Amino acid sequence: TMAHSKALLVLENFIGGKFVPCSSYIDSYNPSTGDVYCRVPDSGKEEVEAAVKAAKDAFPIWSSKSPLERSQILNKLADLIEHELEAFAQAESKDQGKTIKFARTVDIPRAVYNFRFFASSILHHTTECTEMATMGCVHYTSRAPVGVAGLISPWNLPLYLLTWKIAPAIACGNTVVAKPSEMTSVTAWMMCKLLEKAGVPHGVVNVVFGTGAKAGEALVCHPDVPLISFTGSTLTAQRITEKSAPHCKRLSLELGGKNPAIIFDDADLTQCIPTTLRSSFANQGEICLCTSRIFVQRGIYSEFLKRFVAEAKKWKVGNPSDPTVDMGALISKEHLEKVRSYVKKAQAEGARVLCGEGVDSLALPTGNQKGYFMLPTIIAEVKDESCCMQEEIFGPVTCVVSFDTEEEVIGRANSVKYGLAATVWSSNVGRVHRVAQRLQSGLVWTNCWLVRDLNLPFGGMKASGIGREGAKDSYEFFTEVKTITIKH
Ligand code: NAD
């Protein structure tokens, strides 16, 4: 009804420095209440065309600015977002279902840091030079921005992952057309309001909202967008690869995971248990780096399980805006049903659900009865070939199994199609090195989880992705290199 729709937050595309309405909209839900609270433009070819044109027009001026000039603008933008950190955190929590605690301490601070980090790193790159004295030649490399970058991001860490692409793309001198997830578009729209004040020239950052099938694909297929940086599911990446193939586009693909934690009997459980709880259930288990297969050496298996389950039961699930809550709502009704269906499948196969879904009851505050909540769920006695041990669930569900030897566990950890992140728990340094070397995983954390140095490569092997992101890696992706030879 009209009366109802008046109260809704209505987003607009941001093209060429202006907010522009769209002819049709998509409903966006508040995951913690189940209510529609926002309308997101349902952009298509026409909107993408306008955004790409604006980005193309802005490229000559932006790409000719010095790294220092661009760096100053990125720092200003970081300051402006930081100044409104609380408003951004509230919006992210409401839009995504994540806890306000997580949005305040992880999502928004990291979005700010993404801009500061690339504002700094862009000042420190050097190119290569070699000499061929006998030929009287010197060779050197020169790097230049590529053009209009298409950036497509998922719903789990909305502003965090979008800025992780926007910052390096524009720091390198490209202009961008970004397409956030249609389920979590609000913080990207809020950021657009700060661009002018930060000094970002019109057309350098354009944001087109809408679905993957319409807006996303129009961007991927646009002939004037030579590079696509995508974070999302493996299935979507396959589609993007196909659609971009006729144009030979440069792709960076950050995809799903089925990440193992390997816990040897000499692990320090006082550190391992709380960290493995976080790695399993942080952000409702909706982080590509989340642990979902826990291999525990037989000697400590029952002790680990007992303590792990007892601690998981202490996690408080409820209204994400309550600062004492540890776990909020899942992104959507459909996703909640999908995650639940995995628990049912595991039970049907004879696995044991030790806590959470279907086992414990979940009491929710009155306003959250229709929200998309579930409890942290731990499953044991699952077969390695079971779908719960092979497929990415992307929710608060983790499987625990036992193992005997180092050799055995490496083989089992590697026996999935993914290869994003792994954690290894042991106090034996030699073993940690041996295991880390042999794991098919773009990232290996030992005796910790999600400790990141943004300078270093981030990304996955196998079905978890192609390419890496980081200070040097993102610089290389977002620039085109040329080798120049000079003879005297
Ligand atoms: P998704 O693939 O469904 O969507 C990601 C983005 O792609 C969205 O913006 C979506 O609208 C768009 N999209 C969908 N279809 C498209 C198409 N045909 N053409 C162009 N764009 C299209 O993923 P999701 O459900 O939003 O996110 C969850 C997935 O993301 C999980 O698999 C998770 O592991 C992965 N992820 C990976 C990383 C990483 O860094 N490796 C980080 C976060 C999330």
# chains A, B, ... in the order shown; residues from 1 in each chain; ligands from 1
>>> residues_near_ligand(ligand="ligand 1", cutoff="6 Å", atoms="only C-alpha atoms and all ligand atoms", output="PyMOL selection string")
chain A and resi 152-155+179-182+211-213+216-217+231-233+236+239-240+254-257+287-288+459
>>> select_by_dssp(residues="range 220-313 of chain A", states="alpha helix (DSSP H)", output="ChimeraX atom specification")
/A:220-221,234-244,269-281,298-312
>>> residues_around(residues="Ala144 in chain A", least_positions_apart="4", cutoff="7 Å", atoms="only C-alpha atoms", output="count of residues only")
3
>>> residues_around(residues="His202 in chain A", least_positions_apart="5", cutoff="7 Å", atoms="only C-alpha atoms", output="PyMOL selection string")
chain A and resi 16-17+58
>>> residues_around(residues="Val432 in chain A", least_positions_apart="6", cutoff="10 Å", atoms="only C-alpha atoms", output="ChimeraX atom specification")
/A:264,423-426,444-447
>>> residues_around(residues="Phe478 in chain A", least_positions_apart="2", cutoff="9 Å", atoms="only C-alpha atoms", output="MDAnalysis selection string")
chainID A and resid 144:147 149 168:170 172:174 227 473:476 480
>>> select_by_dssp(residues="range 236-317 of chain A", states="strand (DSSP E or B)", output="PyMOL selection string")
chain A and resi 250-254+259-263+291-297+317
>>> closest_residue(among="A:Thr276, A:Met327, A:Glu407, A:Glu12", to="Ala188 in chain A", atoms="only C-alpha atoms")
A:Glu12
>>> residues_around(residues="Met132 in chain A", least_positions_apart="4", cutoff="12 Å", atoms="only C-alpha atoms", output="compact mmCIF listing (two decimals) with C-alpha atoms, in the first residue's frame")
# COMPACT_ATOMS: atom_id res chain seq x y z
CA GLY A 136 73.58 -1.27 -25.04
CA CYS A 137 70.04 -1.72 -23.83
CA VAL A 138 68.02 -1.07 -20.74
CA HIS A 139 64.61 -2.58 -20.24
CA TYR A 140 62.04 -1.24 -17.85
CA THR A 485 63.44 -1.43 -24.23
CA ILE A 486 65.80 1.44 -24.95
CA LYS A 487 69.01 1.14 -26.95
CA HIS A 488 71.52 3.92 -26.93
>>> closest_residue(among="A:Ile410, A:Ile166, A:Leu253, A:Val106", to="Leu450 in chain A", atoms="only C-alpha atoms")
A:Val106
>>> closest_residue(among="A:Ile15, A:Pro320, A:Ala215, A:Glu303", to="Arg104 in chain A", atoms="only C-alpha atoms")
A:Pro320
>>> closest_atom_pairs(of="range 255-318 of chain A", to="range 365-387 of chain A", cutoff="8 Å", atoms="only C-alpha atoms", output="tab-separated table")
residue	atom	partner	partner_atom	distance
A:Phe281	CA	A:Pro376	CA	6.5
A:Gln284	CA	A:Pro376	CA	7.9
A:Val309	CA	A:Ile378	CA	7.2
A:Ala312	CA	A:Pro376	CA	6.5
A:Lys313	CA	A:Pro376	CA	7.6
A:Trp315	CA	A:Pro376	CA	7.6
A:Val317	CA	A:Leu375	CA	6.6
A:Gly318	CA	A:Pro365	CA	7.0
>>> write_last_selection(atoms="all heavy atoms", output="tab-separated table (two decimals), in the first residue's frame")
chain	number	residue	atom	x	y	z
A	281	PHE	N	31.39	-19.96	13.56
A	281	PHE	CA	30.10	-19.29	13.72
A	281	PHE	C	30.12	-17.77	13.60
A	281	PHE	O	29.07	-17.14	13.66
A	281	PHE	CB	29.48	-19.68	15.07
A	281	PHE	CG	29.32	-21.16	15.24
A	281	PHE	CD1	29.85	-21.82	16.35
A	281	PHE	CD2	28.66	-21.92	14.28
A	281	PHE	CE1	29.72	-23.20	16.50
A	281	PHE	CE2	28.51	-23.30	14.42
A	281	PHE	CZ	29.04	-23.94	15.54
A	284	GLN	N	27.41	-15.50	11.67
A	284	GLN	CA	26.44	-16.57	11.37
A	284	GLN	C	27.05	-17.66	10.46
A	284	GLN	O	26.32	-18.33	9.73
A	284	GLN	CB	25.15	-16.01	10.73
A	284	GLN	CG	24.38	-15.03	11.57
A	284	GLN	CD	25.08	-13.69	11.66
A	284	GLN	OE1	25.46	-13.27	12.75
A	284	GLN	NE2	25.26	-13.04	10.54
A	309	VAL	N	31.19	-28.24	22.26
A	309	VAL	CA	29.73	-28.19	22.29
A	309	VAL	C	29.26	-27.33	23.47
A	309	VAL	O	28.36	-26.48	23.33
A	309	VAL	CB	29.11	-29.61	22.33
A	309	VAL	CG1	27.61	-29.56	22.60
A	309	VAL	CG2	29.40	-30.34	21.01
A	312	ALA	N	29.72	-23.75	22.55
A	312	ALA	CA	28.80	-23.31	21.48
A	312	ALA	C	27.42	-23.02	22.07
A	312	ALA	O	26.73	-22.09	21.63
A	312	ALA	CB	28.69	-24.39	20.41
A	313	LYS	N	27.03	-23.79	23.06
A	313	LYS	CA	25.71	-23.60	23.68
A	313	LYS	C	25.61	-22.26	24.41
A	313	LYS	O	24.51	-21.79	24.69
A	313	LYS	CB	25.41	-24.75	24.64
A	313	LYS	CG	25.05	-26.03	23.90
A	313	LYS	CD	24.61	-27.10	24.88
A	313	LYS	CE	24.11	-28.32	24.11
A	313	LYS	NZ	23.53	-29.33	25.00
A	315	TRP	N	26.65	-19.47	23.17
A	315	TRP	CA	26.49	-18.36	22.22
A	315	TRP	C	25.06	-17.85	22.27
A	315	TRP	O	24.11	-18.61	22.22
A	315	TRP	CB	26.85	-18.81	20.79
A	315	TRP	CG	28.33	-18.67	20.54
A	315	TRP	CD1	29.33	-19.09	21.37
A	315	TRP	CD2	28.95	-18.07	19.41
A	315	TRP	NE1	30.54	-18.79	20.82
A	315	TRP	CE2	30.35	-18.16	19.62
A	315	TRP	CE3	28.49	-17.46	18.25
A	315	TRP	CZ2	31.28	-17.66	18.70
A	315	TRP	CZ3	29.42	-16.97	17.33
A	315	TRP	CH2	30.79	-17.06	17.56
A	317	VAL	N	22.04	-16.06	20.63
A	317	VAL	CA	21.47	-15.75	19.31
A	317	VAL	C	20.25	-14.87	19.52
A	317	VAL	O	19.42	-15.17	20.38
A	317	VAL	CB	21.04	-17.06	18.60
A	317	VAL	CG1	20.40	-16.75	17.24
A	317	VAL	CG2	22.23	-17.99	18.43
A	318	GLY	N	20.15	-13.79	18.78
A	318	GLY	CA	18.98	-12.93	18.95
A	318	GLY	C	19.08	-11.64	18.19
A	318	GLY	O	19.81	-11.57	17.18
>>> closest_residue(among="A:Leu123, A:Val112, A:Val401, A:Ala218", to="Asn75 in chain A", atoms="only C-alpha atoms")
A:Val112
>>> decode(residues="range 91-239 of chain A", atoms="C-alpha atoms", output="PDB file, in the first residue's frame")
ATOM      1  CA  ALA A  91      22.778   0.170   8.664  1.00  0.00           C
ATOM      2  CA  GLU A  92      24.949  -2.867   7.896  1.00  0.00           C
ATOM      3  CA  SER A  93      23.522  -4.789  10.839  1.00  0.00           C
ATOM      4  CA  LYS A  94      19.937  -3.993   9.892  1.00  0.00           C
ATOM      5  CA  ASP A  95      20.427  -4.766   6.212  1.00  0.00           C
ATOM      6  CA  GLN A  96      22.450  -7.957   6.593  1.00  0.00           C
ATOM      7  CA  GLY A  97      21.309  -9.456   9.914  1.00  0.00           C
ATOM      8  CA  LYS A  98      24.826  -9.450  11.378  1.00  0.00           C
ATOM      9  CA  THR A  99      25.354  -8.350  14.960  1.00  0.00           C
ATOM     10  CA  ILE A 100      25.970  -4.706  15.671  1.00  0.00           C
ATOM     11  CA  LYS A 101      29.067  -5.869  17.528  1.00  0.00           C
ATOM     12  CA  PHE A 102      30.507  -7.441  14.373  1.00  0.00           C
ATOM     13  CA  ALA A 103      29.551  -4.494  12.150  1.00  0.00           C
ATOM     14  CA  ARG A 104      31.162  -2.038  14.591  1.00  0.00           C
ATOM     15  CA  THR A 105      34.366  -3.957  15.125  1.00  0.00           C
ATOM     16  CA  VAL A 106      34.909  -5.746  11.807  1.00  0.00           C
ATOM     17  CA  ASP A 107      32.888  -4.590   8.794  1.00  0.00           C
ATOM     18  CA  ILE A 108      33.049  -0.824   8.966  1.00  0.00           C
ATOM     19  CA  PRO A 109      36.535  -0.417  10.500  1.00  0.00           C
ATOM     20  CA  ARG A 110      37.856  -2.672   7.753  1.00  0.00           C
ATOM     21  CA  ALA A 111      36.046  -0.685   5.039  1.00  0.00           C
ATOM     22  CA  VAL A 112      37.759   2.440   6.389  1.00  0.00           C
ATOM     23  CA  TYR A 113      41.085   0.630   6.546  1.00  0.00           C
ATOM     24  CA  ASN A 114      40.726  -0.641   2.958  1.00  0.00           C
ATOM     25  CA  PHE A 115      40.819   2.963   1.717  1.00  0.00           C
ATOM     26  CA  ARG A 116      43.692   3.949   4.036  1.00  0.00           C
ATOM     27  CA  PHE A 117      45.662   0.848   3.149  1.00  0.00           C
ATOM     28  CA  PHE A 118      45.525   1.383  -0.618  1.00  0.00           C
ATOM     29  CA  ALA A 119      45.983   5.145  -0.176  1.00  0.00           C
ATOM     30  CA  SER A 120      49.306   4.250   1.384  1.00  0.00           C
ATOM     31  CA  SER A 121      50.388   1.251  -0.663  1.00  0.00           C
ATOM     32  CA  ILE A 122      49.844   3.023  -4.001  1.00  0.00           C
ATOM     33  CA  LEU A 123      52.709   5.349  -3.065  1.00  0.00           C
ATOM     34  CA  HIS A 124      55.221   2.563  -2.645  1.00  0.00           C
ATOM     35  CA  HIS A 125      55.250   0.492  -5.797  1.00  0.00           C
ATOM     36  CA  THR A 126      58.350   0.345  -7.944  1.00  0.00           C
ATOM     37  CA  THR A 127      58.681  -1.052 -11.415  1.00  0.00           C
ATOM     38  CA  GLU A 128      61.397  -3.326 -12.740  1.00  0.00           C
ATOM     39  CA  CYS A 129      64.462  -2.388 -14.706  1.00  0.00           C
ATOM     40  CA  THR A 130      67.165  -4.586 -16.214  1.00  0.00           C
ATOM     41  CA  GLU A 131      70.277  -3.775 -18.153  1.00  0.00           C
ATOM     42  CA  MET A 132      71.808  -5.589 -21.154  1.00  0.00           C
ATOM     43  CA  ALA A 133      75.179  -3.882 -21.249  1.00  0.00           C
ATOM     44  CA  THR A 134      76.566  -5.826 -24.224  1.00  0.00           C
ATOM     45  CA  MET A 135      73.548  -4.851 -26.334  1.00  0.00           C
ATOM     46  CA  GLY A 136      73.578  -1.271 -25.041  1.00  0.00           C
ATOM     47  CA  CYS A 137      70.044  -1.716 -23.831  1.00  0.00           C
ATOM     48  CA  VAL A 138      68.015  -1.066 -20.738  1.00  0.00           C
ATOM     49  CA  HIS A 139      64.611  -2.581 -20.237  1.00  0.00           C
ATOM     50  CA  TYR A 140      62.040  -1.237 -17.851  1.00  0.00           C
ATOM     51  CA  THR A 141      58.410  -1.882 -17.056  1.00  0.00           C
ATOM     52  CA  SER A 142      55.716   0.703 -16.815  1.00  0.00           C
ATOM     53  CA  ARG A 143      52.249   0.195 -15.331  1.00  0.00           C
ATOM     54  CA  ALA A 144      49.079   2.053 -16.227  1.00  0.00           C
ATOM     55  CA  PRO A 145      45.430   1.780 -15.147  1.00  0.00           C
ATOM     56  CA  VAL A 146      43.318  -0.404 -17.423  1.00  0.00           C
ATOM     57  CA  GLY A 147      40.084   1.553 -17.790  1.00  0.00           C
ATOM     58  CA  VAL A 148      36.584   0.921 -16.445  1.00  0.00           C
ATOM     59  CA  ALA A 149      36.571  -1.837 -13.829  1.00  0.00           C
ATOM     60  CA  GLY A 150      33.399  -3.821 -13.119  1.00  0.00           C
ATOM     61  CA  LEU A 151      33.176  -4.767  -9.438  1.00  0.00           C
ATOM     62  CA  ILE A 152      30.644  -7.321  -8.194  1.00  0.00           C
ATOM     63  CA  SER A 153      30.345  -8.171  -4.503  1.00  0.00           C
ATOM     64  CA  PRO A 154      28.340 -10.544  -2.265  1.00  0.00           C
ATOM     65  CA  TRP A 155      26.023 -10.045   0.721  1.00  0.00           C
ATOM     66  CA  ASN A 156      28.035 -11.442   3.611  1.00  0.00           C
ATOM     67  CA  LEU A 157      30.487  -8.580   4.252  1.00  0.00           C
ATOM     68  CA  PRO A 158      28.847  -5.889   2.113  1.00  0.00           C
ATOM     69  CA  LEU A 159      30.844  -2.684   2.498  1.00  0.00           C
ATOM     70  CA  TYR A 160      34.006  -4.508   3.603  1.00  0.00           C
ATOM     71  CA  LEU A 161      34.288  -6.540   0.392  1.00  0.00           C
ATOM     72  CA  LEU A 162      33.063  -3.813  -1.936  1.00  0.00           C
ATOM     73  CA  THR A 163      35.646  -1.308  -0.664  1.00  0.00           C
ATOM     74  CA  TRP A 164      38.338  -4.008  -0.855  1.00  0.00           C
ATOM     75  CA  LYS A 165      37.773  -3.728  -4.628  1.00  0.00           C
ATOM     76  CA  ILE A 166      36.918  -0.035  -5.055  1.00  0.00           C
ATOM     77  CA  ALA A 167      39.974   1.151  -3.105  1.00  0.00           C
ATOM     78  CA  PRO A 168      42.685  -0.590  -5.184  1.00  0.00           C
ATOM     79  CA  ALA A 169      40.801  -0.014  -8.459  1.00  0.00           C
ATOM     80  CA  ILE A 170      40.641   3.759  -8.051  1.00  0.00           C
ATOM     81  CA  ALA A 171      43.999   4.047  -6.281  1.00  0.00           C
ATOM     82  CA  CYS A 172      45.542   2.612  -9.469  1.00  0.00           C
ATOM     83  CA  GLY A 173      43.711   5.200 -11.587  1.00  0.00           C
ATOM     84  CA  ASN A 174      40.837   3.149 -12.959  1.00  0.00           C
ATOM     85  CA  THR A 175      37.242   4.306 -12.817  1.00  0.00           C
ATOM     86  CA  VAL A 176      34.607   1.854 -11.649  1.00  0.00           C
ATOM     87  CA  VAL A 177      31.079   0.597 -11.981  1.00  0.00           C
ATOM     88  CA  ALA A 178      30.204  -1.367  -8.853  1.00  0.00           C
ATOM     89  CA  LYS A 179      27.263  -3.726  -8.375  1.00  0.00           C
ATOM     90  CA  PRO A 180      26.728  -4.715  -4.720  1.00  0.00           C
ATOM     91  CA  SER A 181      24.472  -7.625  -3.794  1.00  0.00           C
ATOM     92  CA  GLU A 182      20.796  -6.789  -4.234  1.00  0.00           C
ATOM     93  CA  MET A 183      20.263  -8.108  -0.694  1.00  0.00           C
ATOM     94  CA  THR A 184      22.709  -5.710   0.959  1.00  0.00           C
ATOM     95  CA  SER A 185      22.922  -2.425  -0.920  1.00  0.00           C
ATOM     96  CA  VAL A 186      22.377   0.201   1.767  1.00  0.00           C
ATOM     97  CA  THR A 187      25.918   0.915   2.971  1.00  0.00           C
ATOM     98  CA  ALA A 188      27.223   1.223  -0.614  1.00  0.00           C
ATOM     99  CA  TRP A 189      24.510   3.822  -1.227  1.00  0.00           C
ATOM    100  CA  MET A 190      25.503   5.635   1.988  1.00  0.00           C
ATOM    101  CA  MET A 191      29.120   5.688   0.839  1.00  0.00           C
ATOM    102  CA  CYS A 192      28.072   7.327  -2.460  1.00  0.00           C
ATOM    103  CA  LYS A 193      26.781  10.286  -0.444  1.00  0.00           C
ATOM    104  CA  LEU A 194      30.329  10.946   0.794  1.00  0.00           C
ATOM    105  CA  LEU A 195      32.216  10.712  -2.498  1.00  0.00           C
ATOM    106  CA  GLU A 196      31.840  14.310  -3.577  1.00  0.00           C
ATOM    107  CA  LYS A 197      32.923  15.668  -0.196  1.00  0.00           C
ATOM    108  CA  ALA A 198      35.981  13.396  -0.301  1.00  0.00           C
ATOM    109  CA  GLY A 199      36.927  14.921  -3.643  1.00  0.00           C
ATOM    110  CA  VAL A 200      36.224  11.898  -5.820  1.00  0.00           C
ATOM    111  CA  PRO A 201      35.464  13.436  -9.242  1.00  0.00           C
ATOM    112  CA  HIS A 202      32.091  12.672 -10.820  1.00  0.00           C
ATOM    113  CA  GLY A 203      32.045   9.387 -12.705  1.00  0.00           C
ATOM    114  CA  VAL A 204      35.068   7.850 -10.984  1.00  0.00           C
ATOM    115  CA  VAL A 205      32.875   5.670  -8.754  1.00  0.00           C
ATOM    116  CA  ASN A 206      29.473   4.661 -10.100  1.00  0.00           C
ATOM    117  CA  VAL A 207      27.189   2.268  -8.278  1.00  0.00           C
ATOM    118  CA  VAL A 208      24.414   0.409 -10.041  1.00  0.00           C
ATOM    119  CA  PHE A 209      22.045  -1.559  -7.827  1.00  0.00           C
ATOM    120  CA  GLY A 210      20.146  -4.633  -8.904  1.00  0.00           C
ATOM    121  CA  THR A 211      20.178  -8.374  -9.359  1.00  0.00           C
ATOM    122  CA  GLY A 212      23.034 -10.472 -10.645  1.00  0.00           C
ATOM    123  CA  ALA A 213      21.052 -11.803 -13.579  1.00  0.00           C
ATOM    124  CA  LYS A 214      20.112  -8.335 -14.867  1.00  0.00           C
ATOM    125  CA  ALA A 215      22.518  -5.662 -13.639  1.00  0.00           C
ATOM    126  CA  GLY A 216      25.469  -7.959 -12.931  1.00  0.00           C
ATOM    127  CA  GLU A 217      25.328  -9.688 -16.267  1.00  0.00           C
ATOM    128  CA  ALA A 218      24.916  -6.419 -18.183  1.00  0.00           C
ATOM    129  CA  LEU A 219      28.162  -5.250 -16.558  1.00  0.00           C
ATOM    130  CA  VAL A 220      29.974  -8.516 -17.292  1.00  0.00           C
ATOM    131  CA  CYS A 221      28.857  -8.387 -20.951  1.00  0.00           C
ATOM    132  CA  HIS A 222      29.625  -4.709 -21.513  1.00  0.00           C
ATOM    133  CA  PRO A 223      32.343  -4.355 -24.175  1.00  0.00           C
ATOM    134  CA  ASP A 224      33.828  -1.246 -22.542  1.00  0.00           C
ATOM    135  CA  VAL A 225      34.525  -2.958 -19.197  1.00  0.00           C
ATOM    136  CA  PRO A 226      37.806  -4.833 -19.714  1.00  0.00           C
ATOM    137  CA  LEU A 227      38.191  -6.155 -16.188  1.00  0.00           C
ATOM    138  CA  ILE A 228      35.817  -7.760 -13.709  1.00  0.00           C
ATOM    139  CA  SER A 229      36.618  -8.296 -10.057  1.00  0.00           C
ATOM    140  CA  PHE A 230      34.094 -10.682  -8.541  1.00  0.00           C
ATOM    141  CA  THR A 231      33.561 -12.100  -5.068  1.00  0.00           C
ATOM    142  CA  GLY A 232      30.755 -14.597  -4.651  1.00  0.00           C
ATOM    143  CA  SER A 233      29.833 -18.193  -5.327  1.00  0.00           C
ATOM    144  CA  THR A 234      31.642 -20.630  -7.586  1.00  0.00           C
ATOM    145  CA  LEU A 235      28.471 -21.179  -9.634  1.00  0.00           C
ATOM    146  CA  THR A 236      28.142 -17.465 -10.437  1.00  0.00           C
ATOM    147  CA  ALA A 237      31.853 -17.309 -11.285  1.00  0.00           C
ATOM    148  CA  GLN A 238      31.387 -20.026 -13.893  1.00  0.00           C
ATOM    149  CA  ARG A 239      28.579 -18.024 -15.482  1.00  0.00           C
TER     150      ARG A 239
END
